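Undergrad: The file below is final19.pdb, PDB, C-alpha atoms:
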ATOM      1  CA  MET Q1041      51.319 -27.235 -18.072
ATOM      2  CA  SER Q1042      52.362 -30.625 -19.362
ATOM      3  CA  TYR Q1043      55.971 -29.422 -19.714
ATOM      4  CA  ILE Q1044      56.003 -28.244 -16.119
ATOM      5  CA  ARG Q1045      54.498 -31.558 -14.941
ATOM      6  CA  GLN Q1046      57.248 -33.500 -16.746
ATOM      7  CA  LEU Q1047      59.901 -31.901 -14.532
ATOM      8  CA  ASP Q1048      57.701 -31.594 -11.453
ATOM      9  CA  PRO Q1049      55.207 -34.465 -11.167
ATOM     10  CA  SER Q1050      53.726 -32.869  -8.014
ATOM     11  CA  PHE Q1051      52.575 -29.778  -9.978
ATOM     12  CA  ASN Q1052      48.801 -29.441  -9.850
ATOM     13  CA  GLU Q1053      46.406 -26.609 -10.487
ATOM     14  CA  ALA Q1054      44.538 -26.776  -7.163
ATOM     15  CA  ALA Q1055      47.777 -26.530  -5.151
ATOM     16  CA  ILE Q1056      48.937 -23.605  -7.309
ATOM     17  CA  ARG Q1057      45.675 -21.721  -6.744
ATOM     18  CA  GLU Q1058      45.902 -22.319  -2.987
ATOM     19  CA  LYS Q1059      49.555 -21.204  -2.843
ATOM     20  CA  ALA Q1060      48.751 -18.104  -4.905
ATOM     21  CA  LEU Q1061      45.867 -17.220  -2.576
ATOM     22  CA  ASP Q1062      48.034 -17.665   0.537
ATOM     23  CA  THR Q1063      50.730 -15.489  -1.026
ATOM     24  CA  PHE Q1064      48.134 -12.873  -2.014
ATOM     25  CA  PHE Q1065      46.934 -12.484   1.591
ATOM     26  CA  GLN Q1066      50.471 -12.462   3.013
ATOM     27  CA  ILE Q1067      51.623  -9.779   0.583
ATOM     28  CA  GLN Q1068      48.503  -7.655   1.171
ATOM     29  CA  ALA Q1069      49.206  -7.744   4.917
ATOM     30  CA  ALA Q1070      52.867  -6.839   4.436
ATOM     31  CA  TRP Q1071      51.877  -3.993   2.070
ATOM     32  CA  ALA Q1072      49.384  -2.594   4.594
ATOM     33  CA  ASN Q1073      52.183  -2.641   7.205
ATOM     34  CA  ARG Q1074      54.501  -0.862   4.730
ATOM     35  CA  ASP Q1075      57.160  -3.548   5.244
ATOM     36  CA  LEU Q1076      57.675  -6.306   2.685
ATOM     37  CA  THR Q1077      60.506  -7.950   4.644
ATOM     38  CA  PRO Q1078      58.272 -10.704   6.107
ATOM     39  CA  VAL Q1079      57.380 -11.891   2.573
ATOM     40  CA  ARG Q1080      60.808 -11.367   1.031
ATOM     41  CA  ASP Q1081      61.161 -15.095   0.269
ATOM     42  CA  ARG Q1082      57.930 -15.059  -1.779
ATOM     43  CA  LEU Q1083      59.079 -12.266  -4.118
ATOM     44  CA  THR Q1084      61.651 -12.031  -6.879
ATOM     45  CA  ASP Q1085      64.404  -9.501  -6.190
ATOM     46  CA  GLU Q1086      62.868  -6.994  -8.613
ATOM     47  CA  MET Q1087      59.351  -7.376  -7.203
ATOM     48  CA  PHE Q1088      60.622  -6.967  -3.648
ATOM     49  CA  ARG Q1089      62.517  -3.816  -4.620
ATOM     50  CA  LEU Q1090      59.515  -2.264  -6.400
ATOM     51  CA  LEU Q1091      57.016  -2.977  -3.629
ATOM     52  CA  GLN Q1092      59.396  -1.962  -0.843
ATOM     53  CA  GLU Q1093      60.228   1.313  -2.616
ATOM     54  CA  ASP Q1094      56.506   2.087  -2.878
ATOM     55  CA  ALA Q1095      56.014   1.207   0.808
ATOM     56  CA  GLU Q1096      58.931   3.466   1.802
ATOM     57  CA  ARG Q1097      57.441   6.293  -0.266
ATOM     58  CA  LEU Q1098      54.136   5.938   1.600
ATOM     59  CA  LYS Q1099      56.002   6.031   4.934
ATOM     60  CA  ALA Q1100      57.867   9.168   3.878
ATOM     61  CA  GLU Q1101      54.564  10.798   2.864
ATOM     62  CA  GLY Q1102      52.977   9.823   6.182
ATOM     63  CA  ARG Q1103      50.335   7.701   4.464
ATOM     64  CA  ILE Q1104      49.009   4.199   5.146
ATOM     65  CA  ASN Q1105      47.147   2.159   2.515
ATOM     66  CA  ARG Q1106      44.460   0.293   4.477
ATOM     67  CA  LEU Q1107      43.234  -2.961   2.897
ATOM     68  CA  GLU Q1108      40.345  -4.466   4.849
ATOM     69  CA  ASN Q1109      37.561  -7.030   4.511
ATOM     70  CA  ILE Q1110      39.253  -8.731   1.569
ATOM     71  CA  ALA Q1111      36.879 -11.202  -0.069
ATOM     72  CA  VAL Q1112      38.390 -13.249  -2.872
ATOM     73  CA  ARG Q1113      35.729 -14.332  -5.358
ATOM     74  CA  SER Q1114      37.956 -16.482  -7.572
ATOM     75  CA  VAL Q1115      41.532 -17.531  -8.248
ATOM     76  CA  ASP Q1116      42.055 -19.028 -11.700
ATOM     77  CA  LEU Q1117      45.194 -20.283 -13.403
ATOM     78  CA  THR Q1118      45.291 -18.482 -16.756
ATOM     79  CA  GLU Q1119      48.743 -19.315 -18.130
ATOM     80  CA  ALA Q1120      51.677 -21.635 -17.583
ATOM     81  CA  TRP Q1121      54.886 -21.716 -19.614
ATOM     82  CA  GLN Q1122      58.617 -22.321 -19.540
ATOM     83  CA  GLU Q1123      61.258 -19.921 -20.750
ATOM     84  CA  ASN Q1124      65.051 -19.816 -20.343
ATOM     85  CA  GLY Q1125      65.149 -22.443 -17.589
ATOM     86  CA  GLN Q1126      62.253 -20.885 -15.636
ATOM     87  CA  ASP Q1127      58.675 -22.028 -15.032
ATOM     88  CA  TYR Q1128      56.023 -19.300 -15.089
ATOM     89  CA  ILE Q1129      52.366 -19.324 -14.075
ATOM     90  CA  THR Q1130      49.817 -16.541 -14.046
ATOM     91  CA  VAL Q1131      46.724 -16.553 -11.867
ATOM     92  CA  ARG Q1132      43.752 -14.208 -12.119
ATOM     93  CA  ILE Q1133      42.563 -12.953  -8.744
ATOM     94  CA  TYR Q1134      39.100 -11.447  -8.638
ATOM     95  CA  ALA Q1135      38.155  -9.914  -5.283
ATOM     96  CA  ASN Q1136      36.676  -6.991  -3.439
ATOM     97  CA  MET Q1137      37.831  -5.086  -0.374
ATOM     98  CA  LEU Q1138      37.894  -1.784   1.411
ATOM     99  CA  ASP Q1139      40.909   0.042   0.001
ATOM    100  CA  TYR Q1140      41.654   3.498   1.334
ATOM    101  CA  MET Q1141      44.557   5.769   2.226
ATOM    102  CA  VAL Q1142      44.856   7.441   5.644
ATOM    103  CA  ASP Q1143      47.146   9.999   7.202
ATOM    104  CA  ASP Q1144      49.281   8.006   9.658
ATOM    105  CA  ARG Q1145      49.255  10.850  12.208
ATOM    106  CA  THR Q1146      45.593  11.830  12.200
ATOM    107  CA  GLY Q1147      43.864   8.741  10.784
ATOM    108  CA  GLU Q1148      41.998  11.002   8.350
ATOM    109  CA  VAL Q1149      40.887   9.253   5.146
ATOM    110  CA  LEU Q1150      42.783  10.854   2.255
ATOM    111  CA  GLU Q1151      41.586   8.637  -0.621
ATOM    112  CA  GLY Q1152      39.106   5.803  -1.079
ATOM    113  CA  SER Q1153      36.356   4.767   1.314
ATOM    114  CA  LYS Q1154      36.126   2.971   4.669
ATOM    115  CA  THR Q1155      32.601   1.836   3.806
ATOM    116  CA  GLU Q1156      32.367   1.255   0.048
ATOM    117  CA  PRO Q1157      34.210  -1.873  -1.116
ATOM    118  CA  VAL Q1158      35.920  -1.888  -4.498
ATOM    119  CA  LYS Q1159      35.959  -4.844  -6.875
ATOM    120  CA  PHE Q1160      39.222  -5.565  -8.604
ATOM    121  CA  GLU Q1161      40.908  -8.015 -10.909
ATOM    122  CA  GLU Q1162      44.658  -8.622 -10.951
ATOM    123  CA  TYR Q1163      46.953 -11.056 -12.673
ATOM    124  CA  TRP Q1164      49.772 -12.361 -10.497
ATOM    125  CA  THR Q1165      52.679 -14.039 -12.277
ATOM    126  CA  PHE Q1166      54.947 -16.405 -10.376
ATOM    127  CA  THR Q1167      58.254 -17.895 -11.443
ATOM    128  CA  ARG Q1168      60.742 -20.506 -10.280
ATOM    129  CA  PRO Q1169      63.709 -22.393 -11.704
ATOM    130  CA  VAL Q1170      62.400 -25.375 -13.726
ATOM    131  CA  GLY Q1171      61.501 -28.298 -11.479
ATOM    132  CA  PRO Q1172      60.047 -28.681  -7.990
ATOM    133  CA  ASN Q1173      61.308 -25.353  -6.615
ATOM    134  CA  SER Q1174      59.586 -22.559  -4.688
ATOM    135  CA  TRP Q1175      57.421 -20.102  -6.601
ATOM    136  CA  LYS Q1176      58.083 -16.361  -6.269
ATOM    137  CA  LEU Q1177      55.869 -13.487  -7.339
ATOM    138  CA  SER Q1178      57.435 -11.730 -10.313
ATOM    139  CA  ALA Q1179      54.681  -9.420 -11.584
ATOM    140  CA  ILE Q1180      51.261  -7.968 -10.785
ATOM    141  CA  THR Q1181      49.226  -6.566 -13.668
ATOM    142  CA  GLN Q1182      45.722  -5.214 -13.994
ATOM    143  CA  PRO Q1183      43.572  -5.491 -17.100
ATOM    144  CA  VAL Q1184      43.336  -2.345 -19.155
TER     145      VAL Q1184
END
Can you give me the file's structure in the form of structure tokens?
TA:
Amino acid sequence: MSYIRQLDPSFNEAAIREKALDTFFQIQAAWANRDLTPVRDRLTDEMFRLLQEDAERLKAEGRINRLENIAVRSVDLTEAWQENGQDYITVRIYANMLDYMVDDRTGEVLEGSKTEPVKFEEYWTFTRPVGPNSWKLSAITQPV
């Protein structure tokens, strides 16, 4: 983190966690609407393409992934590094929510539960050109 701070004195962990949390909620909402266009500027080109392709597949299948009652338990910065002129940070998001799939014509629950929340842990990696530039989500991974 000290390398990142040298080129961006405004870099601080609390602001990163808050930005990551805001981005998390915005992307979850866009995903549930099956349209990532509103958050395009918060995603790398590859991440936008992957998420939008998945959203289009759900539309074609007539399915909606409902994400409701999201309760984030913690957001922790786990890594920060620089590589090839890019800053990278990874945050661990630990949360629970209702996560279920419905038929978009009938509203019938196809997978998951409308009443039983699931706990989950994800690692969101953000990148930007070195310096005080905007962060973009570049990867989402789940522990094995």
Undergrad: Counting all atoms listed in the file, what are the residues of range 1122-1184 of chain Q within 6 Å of range 1094-1115 of chain Q, and for each of them which pair of atoms is the nearest and at what distance in Å, to one decimal? Sort the table by chain and rising number, as JSON lines.
TA:
{"residue": "Q:Arg1132", "atom": "CA", "partner": "Q:Val1115", "partner_atom": "CA", "distance": 5.6}
{"residue": "Q:Ile1133", "atom": "CA", "partner": "Q:Val1115", "partner_atom": "CA", "distance": 4.7}
{"residue": "Q:Tyr1134", "atom": "CA", "partner": "Q:Ser1114", "partner_atom": "CA", "distance": 5.3}
{"residue": "Q:Ala1135", "atom": "CA", "partner": "Q:Val1112", "partner_atom": "CA", "distance": 4.1}
{"residue": "Q:Asn1136", "atom": "CA", "partner": "Q:Ala1111", "partner_atom": "CA", "distance": 5.4}
{"residue": "Q:Met1137", "atom": "CA", "partner": "Q:Ile1110", "partner_atom": "CA", "distance": 4.4}
{"residue": "Q:Leu1138", "atom": "CA", "partner": "Q:Glu1108", "partner_atom": "CA", "distance": 5.0}
{"residue": "Q:Asp1139", "atom": "CA", "partner": "Q:Leu1107", "partner_atom": "CA", "distance": 4.8}
{"residue": "Q:Tyr1140", "atom": "CA", "partner": "Q:Arg1106", "partner_atom": "CA", "distance": 5.3}
{"residue": "Q:Met1141", "atom": "CA", "partner": "Q:Asn1105", "partner_atom": "CA", "distance": 4.5}
{"residue": "Q:Val1142", "atom": "CA", "partner": "Q:Ile1104", "partner_atom": "CA", "distance": 5.3}
{"residue": "Q:Asp1143", "atom": "CA", "partner": "Q:Arg1103", "partner_atom": "CA", "distance": 4.8}
{"residue": "Q:Asp1144", "atom": "CA", "partner": "Q:Arg1103", "partner_atom": "CA", "distance": 5.3}
Undergrad: What gap, in Å, lies between CA of Val1170 in chain Q and CA of Leu1047 in chain Q?
TA: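 Atom-to-atom, CA of Val1170 in chain Q to CA of Leu1047 in chain Q, that is 7.0 Å.
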Undergrad: Find the residues around Asp1116 in chain Q up to 12 Å (all atoms listed in the file counted), leave out those fewer than 4 positions away in its own chain, and share them as a list in words.
TA: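 Using all atoms listed in the file, the neighbours found are Glu1053, Ala1054, Ala1055, Ile1056, Arg1057, Glu1058, Lys1059, Ala1060, Leu1061, Val1112, Ala1120, Ile1129, Thr1130, Val1131, Arg1132, Ile1133, Tyr1134, Ala1135, Glu1161, Glu1162, Tyr1163, Trp1164 and Thr1165 of chain Q.
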Undergrad: Taking the file as shown, find all residues satisfying the PyMOL selection byres ((chain Q and resi 1072-1087) around 6) and write them as a PDB file with C-alpha atoms, in the coordinates of the input.
TA:
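Below is the file selection04.pdb, written as the result:
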ATOM      1  CA  ALA Q1069      49.206  -7.744   4.917  1.00  0.00           C
ATOM      2  CA  ALA Q1070      52.867  -6.839   4.436  1.00  0.00           C
ATOM      3  CA  TRP Q1071      51.877  -3.993   2.070  1.00  0.00           C
ATOM      4  CA  PHE Q1088      60.622  -6.967  -3.648  1.00  0.00           C
ATOM      5  CA  ARG Q1089      62.517  -3.816  -4.620  1.00  0.00           C
ATOM      6  CA  LEU Q1090      59.515  -2.264  -6.400  1.00  0.00           C
ATOM      7  CA  GLN Q1092      59.396  -1.962  -0.843  1.00  0.00           C
ATOM      8  CA  ALA Q1095      56.014   1.207   0.808  1.00  0.00           C
ATOM      9  CA  ASN Q1105      47.147   2.159   2.515  1.00  0.00           C
ATOM     10  CA  ARG Q1106      44.460   0.293   4.477  1.00  0.00           C
ATOM     11  CA  LYS Q1176      58.083 -16.361  -6.269  1.00  0.00           C
ATOM     12  CA  LEU Q1177      55.869 -13.487  -7.339  1.00  0.00           C
ATOM     13  CA  SER Q1178      57.435 -11.730 -10.313  1.00  0.00           C
TER      14      SER Q1178
END
Undergrad: For Pro1049 in chain Q, please output as a list in words all residues within 10 Å (counting all atoms listed in the file; exclusion window: fewer than 4 positions along the same chain).
TA: Ser1042, Tyr1043, Ile1044, Arg1045, Gly1171 and Pro1172 of chain Q
Undergrad: Save the residues we just selected, C-alpha atoms, as a PDB file, in the coordinates of the input?
TA:
ATOM      1  CA  SER Q1042      52.362 -30.625 -19.362  1.00  0.00           C
ATOM      2  CA  TYR Q1043      55.971 -29.422 -19.714  1.00  0.00           C
ATOM      3  CA  ILE Q1044      56.003 -28.244 -16.119  1.00  0.00           C
ATOM      4  CA  ARG Q1045      54.498 -31.558 -14.941  1.00  0.00           C
ATOM      5  CA  GLY Q1171      61.501 -28.298 -11.479  1.00  0.00           C
ATOM      6  CA  PRO Q1172      60.047 -28.681  -7.990  1.00  0.00           C
TER       7      PRO Q1172
END
Undergrad: So, with only C-alpha atoms as the atoms that count, which of Q:Val1149, Q:Gln1068, Q:Leu1091, Q:Lys1154 lies closest to Ala1179 in chain Q?
TA: Q:Leu1091
Undergrad: Quick one: pull the distance between CA of Phe1064 in chain Q and CA of Ile1180 in chain Q, Å, one decimal.
TA: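 That distance, rounded to one decimal, is 10.5 Å.
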Undergrad: Translate the PyMOL selection byres ((chain Q and resi 1168) around 6), as applied to the file shown, into an explicit residue set as a count of residues only.
TA: 5
Undergrad: Kindly give the distance, in Å, that separates CA of Phe1065 in chain Q and CA of Gln1122 in chain Q, rounded to a single decimal.
TA: 26.1 Å
Undergrad: Of the candidates Q:Gln1182, Q:Gln1046, Q:Ser1174, Q:Asn1052, which one gets nearest to Phe1160 in chain Q if we count all atoms listed in the file?
TA: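 Of Q:Gln1182, Q:Gln1046, Q:Ser1174, Q:Asn1052, the one nearest Phe1160 in chain Q, counting all atoms listed in the file, is Q:Gln1182.
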